[in-house]
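Undergrad: As input, take coords.cif (mmCIF, C-alpha atoms and all ligand atoms):
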```
data_structure
loop_
_atom_site.label_atom_id
_atom_site.label_comp_id
_atom_site.auth_asym_id
_atom_site.auth_seq_id
_atom_site.Cartn_x
_atom_site.Cartn_y
_atom_site.Cartn_z
CA MET A 1 0.00 0.00 0.00
CA ALA A 2 2.78 2.41 1.08
CA ALA A 3 4.77 1.51 -2.01
CA ALA A 4 1.72 2.17 -4.20
CA LEU A 5 1.19 5.59 -2.57
CA ARG A 6 4.87 6.45 -3.06
CA ALA A 7 4.63 5.51 -6.74
CA THR A 8 1.50 7.63 -7.18
CA SER A 9 2.99 10.65 -5.49
CA SER A 10 6.18 10.44 -7.53
CA ALA A 11 4.09 10.15 -10.72
CA ILE A 12 2.21 13.31 -9.70
CA SER A 13 5.45 15.12 -8.97
CA ARG A 14 6.84 14.08 -12.38
CA ALA A 15 3.70 15.37 -14.07
CA VAL A 16 3.91 18.71 -12.25
CA THR A 17 7.59 19.09 -13.16
CA ALA A 18 6.80 18.38 -16.77
CA ARG A 19 4.09 21.07 -16.71
CA THR A 20 6.36 23.77 -15.32
CA PRO A 21 7.07 26.07 -18.25
CA PRO A 22 10.59 27.29 -18.93
CA LEU A 23 11.59 30.89 -18.31
CA MET A 24 9.92 32.99 -20.98
CA GLY A 25 10.16 36.74 -21.37
CA GLY A 26 11.29 37.14 -17.77
CA ALA A 27 8.30 35.23 -16.35
CA ARG A 28 8.64 32.15 -14.17
CA TRP A 29 5.83 29.79 -13.37
CA SER A 30 4.91 29.71 -9.72
CA SER A 31 1.96 28.28 -7.90
CA SER A 32 0.62 31.80 -7.26
CA SER A 33 0.77 32.91 -10.92
CA THR A 34 -1.43 31.84 -13.79
CA TRP A 35 -0.02 30.23 -16.88
CA TRP A 36 -0.46 33.25 -19.11
CA GLY A 37 -0.62 36.10 -16.63
CA HIS A 38 2.58 37.62 -18.02
CA VAL A 39 1.30 37.77 -21.62
CA ASP A 40 0.60 41.32 -22.85
CA PRO A 41 -1.77 41.94 -25.77
CA ALA A 42 0.11 42.23 -29.06
CA PRO A 43 0.18 45.64 -30.72
CA LYS A 44 -2.25 45.96 -33.62
CA ASP A 45 -0.94 44.84 -36.99
CA PRO A 46 -0.14 48.02 -38.96
CA ILE A 47 -2.13 46.80 -41.98
CA LEU A 48 -4.72 44.28 -40.81
CA GLY A 49 -5.37 46.39 -37.69
CA VAL A 50 -6.65 49.13 -40.02
CA THR A 51 -9.31 46.77 -41.35
CA GLU A 52 -10.37 45.95 -37.78
CA ALA A 53 -10.73 49.66 -36.97
CA PHE A 54 -12.66 50.26 -40.21
CA LEU A 55 -15.11 47.44 -39.47
CA ALA A 56 -15.73 48.82 -35.98
CA ASP A 57 -16.60 52.32 -37.29
CA PRO A 58 -20.39 52.82 -37.63
CA SER A 59 -20.05 55.91 -39.88
CA PRO A 60 -21.93 55.62 -43.21
CA ASN A 61 -19.18 57.71 -44.86
CA LYS A 62 -16.31 55.44 -43.93
CA VAL A 63 -13.75 54.52 -46.58
CA ASN A 64 -11.20 51.71 -46.37
CA VAL A 65 -8.05 52.34 -48.37
CA GLY A 66 -5.94 50.34 -45.92
CA VAL A 67 -5.52 46.72 -46.86
CA GLY A 68 -4.32 45.83 -50.37
CA ALA A 69 -7.38 43.96 -51.54
CA TYR A 70 -9.12 44.71 -54.82
CA ARG A 71 -12.62 46.18 -54.82
CA ASP A 72 -14.95 46.93 -57.71
CA ASP A 73 -16.34 50.39 -58.36
CA ASP A 74 -19.03 49.75 -55.73
CA GLY A 75 -16.34 49.01 -53.16
CA LYS A 76 -17.25 45.31 -53.16
CA PRO A 77 -14.80 42.36 -53.09
CA VAL A 78 -14.55 40.63 -56.48
CA VAL A 79 -14.52 36.94 -57.39
CA LEU A 80 -13.12 36.65 -60.91
CA ASN A 81 -15.25 34.96 -63.55
CA CYS A 82 -12.41 32.57 -64.37
CA VAL A 83 -12.44 31.49 -60.72
CA ARG A 84 -16.22 31.01 -60.75
CA GLU A 85 -15.86 28.90 -63.89
CA ALA A 86 -13.04 26.80 -62.41
CA GLU A 87 -15.13 26.28 -59.27
CA ALA A 88 -18.05 25.09 -61.37
CA ARG A 89 -15.77 22.57 -63.04
CA ILE A 90 -14.55 21.07 -59.78
CA ALA A 91 -17.90 21.17 -57.99
CA GLY A 92 -18.69 17.67 -56.78
CA ASN A 93 -15.49 16.25 -58.29
CA LEU A 94 -13.06 17.30 -55.64
CA ASN A 95 -11.87 14.73 -53.17
CA MET A 96 -10.44 15.95 -49.92
CA GLU A 97 -7.23 13.93 -49.89
CA TYR A 98 -3.96 15.37 -48.65
CA LEU A 99 -1.73 17.03 -51.18
CA PRO A 100 1.94 16.01 -51.03
CA MET A 101 4.12 18.08 -48.65
CA GLY A 102 5.22 20.24 -51.57
CA GLY A 103 1.63 20.78 -52.70
CA SER A 104 0.13 20.32 -56.14
CA ASN A 105 2.80 19.58 -58.74
CA HIS A 106 0.44 20.66 -61.48
CA MET A 107 -0.20 24.03 -59.85
CA VAL A 108 3.51 24.54 -59.22
CA GLU A 109 4.44 23.71 -62.84
CA GLU A 110 1.91 26.22 -64.19
CA THR A 111 2.93 28.87 -61.67
CA LEU A 112 6.61 28.60 -62.54
CA LYS A 113 5.82 29.38 -66.18
CA LEU A 114 4.42 32.76 -65.12
CA ALA A 115 7.62 33.75 -63.38
CA TYR A 116 10.34 32.04 -65.42
CA GLY A 117 8.62 32.14 -68.84
CA GLU A 118 6.50 29.68 -70.76
CA ASP A 119 9.52 28.10 -72.48
CA SER A 120 12.02 28.52 -69.70
CA GLU A 121 15.13 26.36 -70.09
CA PHE A 122 15.33 26.21 -66.28
CA ILE A 123 11.96 24.50 -66.11
CA LYS A 124 12.94 22.07 -68.88
CA ASP A 125 16.25 21.30 -67.18
CA LYS A 126 14.47 20.74 -63.86
CA ARG A 127 16.75 23.21 -62.14
CA ILE A 128 13.99 24.81 -60.06
CA ALA A 129 13.16 23.56 -56.58
CA ALA A 130 9.57 24.65 -56.08
CA VAL A 131 6.77 24.00 -53.63
CA GLN A 132 3.24 25.26 -53.20
CA ALA A 133 3.18 27.75 -50.36
CA LEU A 134 0.61 29.47 -48.17
CA SER A 135 0.45 32.47 -50.47
CA GLY A 136 3.24 35.05 -50.58
CA THR A 137 3.66 35.25 -46.81
CA GLY A 138 4.08 31.49 -46.56
CA ALA A 139 6.54 31.44 -49.46
CA CYS A 140 8.67 34.17 -47.88
CA ARG A 141 8.56 32.44 -44.52
CA LEU A 142 9.56 29.06 -45.95
CA PHE A 143 12.45 30.72 -47.73
CA ALA A 144 13.52 32.62 -44.61
CA ASP A 145 13.58 29.38 -42.60
CA PHE A 146 15.51 27.67 -45.38
CA GLN A 147 17.98 30.55 -45.50
CA LYS A 148 18.53 30.34 -41.73
CA ARG A 149 19.03 26.61 -41.86
CA TYR A 150 21.45 26.44 -44.76
CA GLN A 151 23.15 29.88 -44.65
CA PRO A 152 22.94 30.44 -40.89
CA GLU A 153 25.31 33.39 -40.80
CA SER A 154 23.67 35.26 -43.67
CA GLU A 155 21.68 38.48 -43.36
CA ILE A 156 18.76 39.73 -45.41
CA TYR A 157 18.81 43.23 -46.89
CA ILE A 158 15.31 44.68 -46.92
CA PRO A 159 14.27 47.89 -48.73
CA VAL A 160 13.18 51.00 -46.82
CA PRO A 161 10.27 51.03 -46.75
CA THR A 162 8.84 47.60 -47.38
CA TRP A 163 5.68 45.60 -46.66
CA ALA A 164 5.57 45.60 -42.85
CA ASN A 165 5.25 41.83 -42.62
CA HIS A 166 8.63 41.25 -44.29
CA HIS A 167 10.31 42.33 -41.08
CA ASN A 168 8.19 39.94 -39.02
CA ILE A 169 8.85 37.04 -41.36
CA TRP A 170 12.64 37.22 -41.32
CA ARG A 171 12.64 38.13 -37.61
CA ASP A 172 10.64 35.03 -36.70
CA ALA A 173 12.99 32.94 -38.82
CA ASN A 174 15.87 34.40 -36.78
CA VAL A 175 17.63 35.84 -39.81
CA SER A 176 19.31 39.12 -38.99
CA GLN A 177 18.11 42.07 -41.02
CA LYS A 178 19.84 44.98 -42.67
CA THR A 179 18.15 47.63 -44.77
CA TYR A 180 18.93 49.28 -48.08
CA HIS A 181 17.85 52.65 -49.44
CA TYR A 182 14.91 52.46 -51.82
CA TYR A 183 12.52 55.37 -51.64
CA HIS A 184 13.43 59.00 -51.99
CA PRO A 185 10.92 61.08 -49.97
CA GLU A 186 11.63 64.39 -51.75
CA SER A 187 11.14 63.09 -55.29
CA LYS A 188 8.64 60.45 -54.13
CA GLY A 189 10.52 58.15 -56.51
CA LEU A 190 13.36 55.64 -56.41
CA ASP A 191 16.56 56.41 -54.53
CA PHE A 192 18.55 54.62 -57.19
CA SER A 193 21.99 55.84 -56.17
CA GLY A 194 21.32 55.08 -52.48
CA MET A 195 20.18 51.59 -53.42
CA MET A 196 23.23 50.96 -55.63
CA ASP A 197 25.59 52.18 -52.90
CA ASP A 198 24.02 49.84 -50.38
CA ILE A 199 24.26 46.89 -52.75
CA LYS A 200 27.89 47.78 -53.40
CA ASN A 201 28.76 48.14 -49.72
CA ALA A 202 26.98 45.01 -48.48
CA PRO A 203 29.34 42.14 -47.62
CA LYS A 204 29.85 39.80 -50.58
CA GLY A 205 27.24 37.07 -50.69
CA SER A 206 24.45 38.93 -48.90
CA PHE A 207 20.77 38.17 -49.47
CA PHE A 208 18.68 40.95 -51.04
CA LEU A 209 14.91 41.05 -50.84
CA LEU A 210 13.55 42.69 -54.00
CA HIS A 211 9.95 43.47 -54.94
CA ALA A 212 9.57 42.11 -58.47
CA CYS A 213 6.95 44.71 -59.46
CA ALA A 214 4.41 47.13 -57.97
CA HIS A 215 6.53 47.79 -54.89
CA ASN A 216 4.53 47.68 -51.66
CA PRO A 217 4.03 50.26 -50.12
CA THR A 218 5.54 52.87 -52.47
CA GLY A 219 4.29 51.94 -55.95
CA VAL A 220 7.78 52.89 -57.15
CA ASP A 221 9.62 50.37 -59.35
CA PRO A 222 13.04 50.66 -61.00
CA THR A 223 12.96 51.19 -64.77
CA GLU A 224 14.14 48.40 -67.05
CA GLU A 225 17.52 50.09 -67.42
CA GLU A 226 17.84 50.45 -63.66
CA TRP A 227 16.93 46.80 -63.13
CA LYS A 228 19.74 45.86 -65.54
CA GLU A 229 22.24 47.84 -63.50
CA ILE A 230 20.91 46.44 -60.23
CA SER A 231 21.15 42.91 -61.58
CA GLN A 232 24.71 43.44 -62.77
CA LEU A 233 25.85 44.86 -59.46
CA ILE A 234 24.18 42.11 -57.44
CA LYS A 235 25.94 39.62 -59.73
CA ASP A 236 29.34 41.32 -59.39
CA LYS A 237 29.00 41.33 -55.62
CA GLY A 238 27.91 37.68 -55.48
CA HIS A 239 24.69 38.51 -53.63
CA PHE A 240 21.61 36.29 -53.67
CA PRO A 241 18.45 37.97 -55.03
CA PHE A 242 15.15 36.91 -53.53
CA PHE A 243 12.07 38.30 -55.30
CA ASP A 244 8.74 38.79 -53.64
CA MET A 245 6.27 38.88 -56.53
CA ALA A 246 2.89 39.49 -54.87
CA TYR A 247 1.46 41.70 -57.63
CA GLN A 248 2.28 40.09 -60.97
CA GLY A 249 -0.17 41.71 -63.41
CA PHE A 250 -1.10 44.60 -61.14
CA ALA A 251 1.67 46.95 -62.27
CA SER A 252 1.03 46.97 -66.02
CA GLY A 253 -2.06 44.80 -66.40
CA ASP A 254 0.10 42.14 -68.06
CA PRO A 255 1.74 39.38 -65.96
CA GLU A 256 4.35 38.82 -68.66
CA LYS A 257 5.51 42.46 -68.57
CA ASP A 258 5.50 42.46 -64.79
CA ALA A 259 7.98 39.56 -64.77
CA LYS A 260 10.53 41.76 -66.57
CA ALA A 261 12.85 42.25 -63.58
CA ILE A 262 13.02 38.52 -62.94
CA ARG A 263 13.72 37.77 -66.60
CA ILE A 264 16.59 40.27 -66.58
CA PHE A 265 18.13 38.53 -63.58
CA LEU A 266 17.64 35.13 -65.20
CA GLN A 267 19.34 36.32 -68.36
CA ASP A 268 22.24 37.57 -66.29
CA GLY A 269 22.73 34.07 -64.90
CA HIS A 270 21.71 34.58 -61.28
CA LEU A 271 20.63 31.80 -59.01
CA LEU A 272 17.62 33.26 -57.26
CA GLY A 273 14.51 32.68 -55.22
CA ILE A 274 10.94 33.79 -55.96
CA SER A 275 7.82 34.05 -53.86
CA GLN A 276 4.62 34.06 -55.97
CA SER A 277 1.11 34.70 -54.79
CA PHE A 278 -2.36 34.40 -56.31
CA ALA A 279 -4.00 36.53 -53.62
CA LYS A 280 -4.16 39.70 -55.68
CA ASN A 281 -3.92 38.70 -59.32
CA MET A 282 -6.52 35.91 -59.08
CA GLY A 283 -8.37 37.45 -56.16
CA LEU A 284 -7.72 34.27 -54.12
CA TYR A 285 -6.86 36.18 -50.95
CA GLY A 286 -8.34 33.81 -48.39
CA GLN A 287 -7.37 30.65 -50.28
CA ARG A 288 -3.72 31.21 -49.36
CA VAL A 289 -2.25 29.88 -52.55
CA GLY A 290 1.23 30.67 -53.79
CA CYS A 291 4.58 29.17 -54.64
CA LEU A 292 8.18 29.31 -53.47
CA SER A 293 10.87 28.52 -56.00
CA VAL A 294 14.64 28.42 -55.80
CA LEU A 295 16.68 28.24 -59.00
CA CYS A 296 19.54 25.79 -58.44
CA GLU A 297 22.78 24.88 -60.19
CA ASP A 298 21.43 21.61 -61.55
CA ASP A 299 18.59 19.12 -61.26
CA LYS A 300 20.28 17.14 -58.50
CA GLN A 301 20.62 20.22 -56.33
CA ALA A 302 17.01 21.15 -57.09
CA VAL A 303 15.82 17.77 -55.77
CA ALA A 304 17.84 18.24 -52.58
CA VAL A 305 16.55 21.76 -52.01
CA LYS A 306 12.95 20.77 -52.71
CA THR A 307 13.06 17.90 -50.23
CA ARG A 308 14.48 20.25 -47.60
CA LEU A 309 11.74 22.82 -48.24
CA GLN A 310 9.20 20.05 -47.79
CA GLN A 311 10.93 19.00 -44.61
CA ILE A 312 10.55 22.55 -43.26
CA ALA A 313 6.88 22.65 -44.25
CA ARG A 314 5.98 19.31 -42.67
CA PRO A 315 6.15 20.29 -38.98
CA MET A 316 4.60 23.72 -39.70
CA TYR A 317 1.47 22.75 -41.63
CA SER A 318 2.22 19.32 -43.06
CA ASN A 319 0.90 20.03 -46.54
CA PRO A 320 -0.86 22.98 -48.12
CA PRO A 321 -4.60 23.27 -48.81
CA VAL A 322 -6.03 21.78 -51.96
CA HIS A 323 -8.90 23.99 -53.11
CA GLY A 324 -7.07 27.13 -54.23
CA ALA A 325 -4.33 25.07 -55.83
CA LEU A 326 -6.88 23.26 -57.94
CA LEU A 327 -8.47 26.52 -59.06
CA VAL A 328 -5.10 27.93 -60.10
CA SER A 329 -4.07 24.82 -62.00
CA ILE A 330 -7.39 24.63 -63.85
CA ILE A 331 -7.25 28.29 -64.83
CA LEU A 332 -3.62 28.33 -65.93
CA SER A 333 -3.74 25.08 -67.87
CA ASP A 334 -6.91 25.80 -69.86
CA PRO A 335 -6.20 28.29 -72.69
CA ASP A 336 -9.73 29.77 -72.57
CA LEU A 337 -9.75 30.22 -68.83
CA LYS A 338 -6.24 31.60 -68.88
CA ASN A 339 -7.27 34.13 -71.48
CA MET A 340 -10.28 35.07 -69.39
CA TRP A 341 -7.97 35.53 -66.39
CA LEU A 342 -5.53 37.74 -68.33
CA LYS A 343 -8.41 39.98 -69.40
CA GLU A 344 -9.71 40.20 -65.85
CA VAL A 345 -6.28 41.10 -64.47
CA LYS A 346 -6.13 43.89 -67.02
CA VAL A 347 -9.57 45.18 -66.02
CA MET A 348 -8.46 45.34 -62.37
CA ALA A 349 -5.17 47.08 -63.20
CA ASP A 350 -6.91 49.55 -65.52
CA ARG A 351 -9.54 50.45 -62.94
CA ILE A 352 -6.77 51.27 -60.49
CA ILE A 353 -4.91 53.36 -63.07
CA GLY A 354 -8.15 55.24 -63.79
CA MET A 355 -8.63 55.93 -60.08
CA ARG A 356 -5.10 57.33 -59.85
CA THR A 357 -5.96 59.91 -62.50
CA ALA A 358 -9.29 60.69 -60.85
CA LEU A 359 -7.76 61.14 -57.39
CA ARG A 360 -5.02 63.40 -58.67
CA GLU A 361 -7.43 65.51 -60.75
CA ASN A 362 -9.84 65.89 -57.87
CA ILE A 363 -7.15 67.08 -55.46
CA GLU A 364 -5.72 69.49 -58.04
CA LYS A 365 -9.20 70.83 -58.80
CA LEU A 366 -9.44 71.94 -55.17
CA GLY A 367 -6.48 74.24 -55.76
CA SER A 368 -3.89 72.31 -53.76
CA PRO A 369 -0.54 74.06 -54.09
CA LEU A 370 1.28 70.75 -53.55
CA SER A 371 2.41 68.42 -56.32
CA TRP A 372 0.32 65.26 -56.67
CA GLU A 373 2.07 63.98 -59.76
CA HIS A 374 3.33 60.95 -57.86
CA ILE A 375 -0.21 59.57 -57.61
CA THR A 376 -0.20 58.87 -61.34
CA LYS A 377 3.52 58.12 -61.61
CA GLN A 378 3.51 55.34 -59.04
CA ILE A 379 2.13 51.97 -60.10
CA GLY A 380 0.38 48.90 -58.77
CA MET A 381 -2.10 48.72 -55.95
CA PHE A 382 -0.66 51.44 -53.75
CA CYS A 383 -0.04 55.14 -53.72
CA TYR A 384 2.54 56.32 -51.24
CA SER A 385 0.88 59.64 -50.65
CA GLY A 386 3.55 61.43 -48.65
CA LEU A 387 1.00 62.21 -45.90
CA ALA A 388 2.52 62.28 -42.42
CA PRO A 389 1.19 59.97 -39.68
CA GLU A 390 -0.57 62.90 -37.98
CA GLN A 391 -2.32 63.77 -41.24
CA VAL A 392 -3.37 60.15 -41.59
CA ASP A 393 -4.74 60.27 -38.05
CA ARG A 394 -6.84 63.31 -39.01
CA LEU A 395 -8.14 61.55 -42.11
CA THR A 396 -9.36 58.79 -39.85
CA SER A 397 -10.70 60.78 -36.92
CA GLN A 398 -12.33 63.58 -38.94
CA PHE A 399 -13.27 61.85 -42.19
CA HIS A 400 -13.52 58.14 -41.30
CA ILE A 401 -10.94 57.31 -43.94
CA TYR A 402 -8.81 54.33 -43.01
CA LEU A 403 -5.26 53.83 -44.25
CA THR A 404 -1.92 52.74 -42.84
CA ARG A 405 -0.05 55.37 -40.83
CA ASN A 406 2.82 55.47 -43.34
CA GLY A 407 0.46 57.29 -45.72
CA ARG A 408 -0.08 54.33 -48.05
CA ILE A 409 -3.38 54.49 -49.92
CA SER A 410 -4.71 51.27 -51.39
CA MET A 411 -5.90 52.54 -54.76
CA ALA A 412 -7.99 49.38 -55.04
CA GLY A 413 -10.34 50.85 -52.43
CA VAL A 414 -10.88 54.08 -54.38
CA THR A 415 -14.07 54.24 -56.47
CA THR A 416 -15.91 56.80 -58.62
CA LYS A 417 -18.27 57.17 -55.64
CA ASN A 418 -15.69 57.97 -52.95
CA VAL A 419 -12.89 59.62 -54.91
CA GLU A 420 -14.20 63.16 -54.49
CA TYR A 421 -14.73 62.69 -50.75
CA LEU A 422 -11.23 61.23 -50.41
CA ALA A 423 -9.65 64.03 -52.47
CA ASN A 424 -11.39 66.66 -50.40
CA ALA A 425 -10.25 65.08 -47.14
CA ILE A 426 -6.64 64.74 -48.36
CA HIS A 427 -6.71 68.39 -49.41
CA GLU A 428 -8.08 69.45 -46.02
CA VAL A 429 -5.40 67.64 -43.99
CA SER A 430 -2.52 68.58 -46.30
CA LYS A 431 -3.20 72.30 -46.82
CA SER A 432 -2.12 73.41 -43.36
C1 LIG A 501 -1.23 44.53 -47.88
O1 LIG A 501 -0.05 44.90 -47.98
O2 LIG A 501 -2.16 45.29 -47.57
C2 LIG A 501 -1.58 43.11 -48.21
O3 LIG A 501 -0.47 42.43 -48.68
C3 LIG A 501 -2.29 42.41 -47.11
C4 LIG A 501 -1.41 41.99 -45.99
O4 LIG A 501 -1.40 40.79 -45.67
O5 LIG A 501 -0.70 42.81 -45.41
#
```
Will you turn the file into C-alpha cells for me?
Ligand code: LMR
TA:
Amino acid sequence: MAAALRATSSAISRAVTARTPPLMGGARWSSSSTWWGHVDPAPKDPILGVTEAFLADPSPNKVNVGVGAYRDDDGKPVVLNCVREAEARIAGNLNMEYLPMGGSNHMVEETLKLAYGEDSEFIKDKRIAAVQALSGTGACRLFADFQKRYQPESEIYIPVPTWANHHNIWRDANVSQKTYHYYHPESKGLDFSGMMDDIKNAPKGSFFLLHACAHNPTGVDPTEEEWKEISQLIKDKGHFPFFDMAYQGFASGDPEKDAKAIRIFLQDGHLLGISQSFAKNMGLYGQRVGCLSVLCEDDKQAVAVKTRLQQIARPMYSNPPVHGALLVSIILSDPDLKNMWLKEVKVMADRIIGMRTALRENIEKLGSPLSWEHITKQIGMFCYSGLAPEQVDRLTSQFHIYLTRNGRISMAGVTTKNVEYLANAIHEVSKS
C-alpha cells in the first residue's frame, strides 16, 4: 500500500515538473501565478489592424483604403469569372485527400511558367526547386527558414520602406536584417543611387529582398535600365536575389511584362529565389495559394533543395490546402480560362490606373498648391501619398478614412463614388 502511494505521489510530482514552463520573457511559473498572466496583448498589426478599426466604425461615410485587396467600383470584393468557372468545373469532383508536402505539382508547374517564362530552359532542365506555399507570406517564410538553416550566418537586406510583414517574417525565422535605401521622400521616386551604394557596400554574398513589381508600399519600381544595372551589381557582388512577386499583373495589367525584372536577372545568370502569390492577381486572398521557388545549379541540387523545403513545411502545416491550388491549376492550364484571367487582371489594373488619375485631378481641382504627380507616376495597388502619420490620423478621426499610418493608400479601395470625398479630405489635412 505504502509503495503504491509512493509511486503515485512520484508520478504526480513528475507530471507537475513536466508542466512547469521554462523561463519565458522574464516570467517564471509559480503556484501563485497563472499560466499566461505575463502575456501582454500584441500591438495591432499596422495593416490588418486598419481593417479591424474600419469594421468597428459605424459611420456611413467610412472609406477603407488600408488593406491591399481589390474592390470593384461599388467598393465590393470581387470573385473573378475565371475562378467562378473553375469552381463550377470542380464542384462535386473534388476529393479531400492530402496534397503532397510540396503541394500540387500541377499548380507549381503552371505557376513557374508565369515567373520564369512559358519556355524557360530552367523549367525544362528541372533546375527549379519549387513547392506550393501558403500564399506570398508562406513562401517568404519558408524561404527565410531555409535561409537560416542552410546559410545560418547570412543576413537579409530589406528595402526601406517595405511591406511591414517582411520584417516579421525574417525576424521570426531568426535571420538578422539589414536595410537598403529604396525610396526618396523628396522626389517620391526611387533612390537609385542610395540603393546601388548599399548593394555595393553590403558584404559579398548577402541576401537581397527585391519586390519584383508594384513595390509595396511605395508603388515605385526601378525602370528596365535600372533593373539591368541592379542585376549586374548584385551579380558582381555575389549577392543572392530573392524576389517577392505578390502583384504580378497589377503593375502593367500584363503578368508577362511584370515579370521583366526577374527575366533580366535570369538572363544575367543569377541563381535566385521567388515568392509568388495568387492573392491579388486571381483574387484568391483567403485561399492562401502561392509558390516558393529556388533556381539551383542543376537538377540534382534542385531535388535536394525541394526535399528540404518540404521537410521545413511538414512540422509547420504538413501540406498545403487543396482547393485554391486546384483553381489555379485549372485556370492556368486551360487556354480559354487563362485568357479570361488575363483579361480580368487587365480590367483590375486599368480600374486602379483610372482611379489614380481621378484622385489626382480631384485634389488638383481643389487648388492644392502641392504636387500630386506621384499619384499617377507610381504603379500597382498602392499610392505612397507622402502624408505624415498625424495627417493620416486626421483623415481617420475627422473623415472616417482608413489607411496605414505610413500614408499608403490602397488605390484598389478608391471608387468613382468615394474619390471626391477622399480628395477633399486629403486636401483638407494637407493644406495646413
Ligand atoms: C497589404 O499589404 O495590404 C496586403 O499584402 C495584405 C497583408 O497581408 O498585409
Undergrad: I need every residue sitting at most 12 Å from the point (-18.8, 51.0, -45.0) (coordinates as in the file, all atoms listed in the file considered), written as a VMD selection string.
TA: chain A and resid 51 53 to 65 74 to 76 400 to 402 413 418
Undergrad: Return the single residue from A:Lys338, A:Lys260, A:Arg408, A:His181 that is closest to ligand LIG 501 (chain A), with distances computed using only C-alpha atoms and all ligand atoms.
TA: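 Among the listed residues, the smallest separation from ligand LIG 501 (chain A) belongs to A:Arg408.
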Undergrad: Determine the axis-aligned bounding box of all atoms of ligand LIG 501 (chain A) present in the file, pad each side by 5 Å, and express its centre and edge lengths in Å to one decimal place as JSON.
TA:
```
{"center_x": -1.2, "center_y": 43.0, "center_z": -47.0, "size_x": 12.2, "size_y": 14.5, "size_z": 13.3}
```
Undergrad: Show me which residues line ligand LIG 501 (chain A), defined as having an atom within 9 Å of a ligand atom where all atoms listed in the file count, and present them as a PDB file with C-alpha atoms, in the coordinates of the input.
TA:
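Output file pocket_17.pdb follows:
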```pdb
ATOM      1  CA  ASP A  45      -0.940  44.840 -36.990  1.00  0.00           C
ATOM      2  CA  PRO A  46      -0.140  48.020 -38.960  1.00  0.00           C
ATOM      3  CA  ILE A  47      -2.130  46.800 -41.980  1.00  0.00           C
ATOM      4  CA  LEU A  48      -4.720  44.280 -40.810  1.00  0.00           C
ATOM      5  CA  GLY A  66      -5.940  50.340 -45.920  1.00  0.00           C
ATOM      6  CA  VAL A  67      -5.520  46.720 -46.860  1.00  0.00           C
ATOM      7  CA  GLY A  68      -4.320  45.830 -50.370  1.00  0.00           C
ATOM      8  CA  ALA A  69      -7.380  43.960 -51.540  1.00  0.00           C
ATOM      9  CA  GLY A 136       3.240  35.050 -50.580  1.00  0.00           C
ATOM     10  CA  THR A 137       3.660  35.250 -46.810  1.00  0.00           C
ATOM     11  CA  TRP A 163       5.680  45.600 -46.660  1.00  0.00           C
ATOM     12  CA  ALA A 164       5.570  45.600 -42.850  1.00  0.00           C
ATOM     13  CA  ASN A 165       5.250  41.830 -42.620  1.00  0.00           C
ATOM     14  CA  ASN A 216       4.530  47.680 -51.660  1.00  0.00           C
ATOM     15  CA  PRO A 217       4.030  50.260 -50.120  1.00  0.00           C
ATOM     16  CA  ALA A 246       2.890  39.490 -54.870  1.00  0.00           C
ATOM     17  CA  ALA A 279      -4.000  36.530 -53.620  1.00  0.00           C
ATOM     18  CA  LYS A 280      -4.160  39.700 -55.680  1.00  0.00           C
ATOM     19  CA  TYR A 285      -6.860  36.180 -50.950  1.00  0.00           C
ATOM     20  CA  PHE A 382      -0.660  51.440 -53.750  1.00  0.00           C
ATOM     21  CA  THR A 404      -1.920  52.740 -42.840  1.00  0.00           C
ATOM     22  CA  SER A 410      -4.710  51.270 -51.390  1.00  0.00           C
TER      23      SER A 410
END
```
Undergrad: Choose the residue, out of A:Ile264, A:Leu112, A:Val50, A:Ala313, that has the smallest atom-to-atom separation from A:Thr223; count all atoms listed in the file.
TA: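 Once distances to A:Thr223 are computed over all atoms listed in the file, the minimum belongs to A:Ile264.
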Undergrad: Using all atoms listed in the file, determine which residues lie at most 12 Å from A:Ala304, disregarding the query and same-chain residues fewer than 3 positions distant; provide the list as a PyMOL selection string.
TA: chain A and resi 127-130+150+294-301+307-311
Undergrad: For A:Asp125, which of A:Val160, A:Ser206, A:Ala302, A:Ala251 is the closest residue, counting only C-alpha atoms?
TA: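 The shortest atom-to-atom distance to A:Asp125 comes from A:Ala302.
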Undergrad: Between atom CA of A:Gly290 and atom CA of A:Gly324, measure the distance and give it in Å to one decimal.
TA: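 Separation between atom CA of A:Gly290 and atom CA of A:Gly324: 9.0 Å.
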Undergrad: Interatomic distance between atom CA of A:Ile169 and atom CA of A:Val305?
TA: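 These atoms are spaced 20.2 Å apart.
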Undergrad: Extract, using only C-alpha atoms, all DNA, RNA and protein residues at most 9 Å from A:Trp372, discarding same-chain residues fewer than 2 positions from it, and format them as a VMD selection string.
TA: chain A and resid 360 to 361 363 to 364 368 370 374 to 376 385
Undergrad: Give me the residues near A:Ser275 as a PyMOL selection string, where near means some atom within 6 Å (using all atoms listed in the file) and where sequence neighbours in that chain fewer than 5 positions away do not count.
TA: chain A and resi 136+139+244-245+291-292
Undergrad: Take the residues that were just selected and, keeping C-alpha atoms, output them as a PDB file, in the coordinates of the input.
TA:
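Once everything was written out, this is part.pdb:
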```
ATOM      1  CA  GLY A 136       3.240  35.050 -50.580  1.00  0.00           C
ATOM      2  CA  ALA A 139       6.540  31.440 -49.460  1.00  0.00           C
ATOM      3  CA  ASP A 244       8.740  38.790 -53.640  1.00  0.00           C
ATOM      4  CA  MET A 245       6.270  38.880 -56.530  1.00  0.00           C
ATOM      5  CA  CYS A 291       4.580  29.170 -54.640  1.00  0.00           C
ATOM      6  CA  LEU A 292       8.180  29.310 -53.470  1.00  0.00           C
TER       7      LEU A 292
END
```
Undergrad: Pick from A:Ile234, A:Ser430, A:Trp36, A:Asn201: nearest to A:Pro369, with all atoms listed in the file counted?
TA: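 The shortest atom-to-atom distance to A:Pro369 comes from A:Ser430.
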Undergrad: Suppose you want the space between atom CA of A:Met96 and atom CA of A:Val83; what is it in Å?
TA: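 If I compute the distance from atom CA of A:Met96 to atom CA of A:Val83, I get 19.0 Å.
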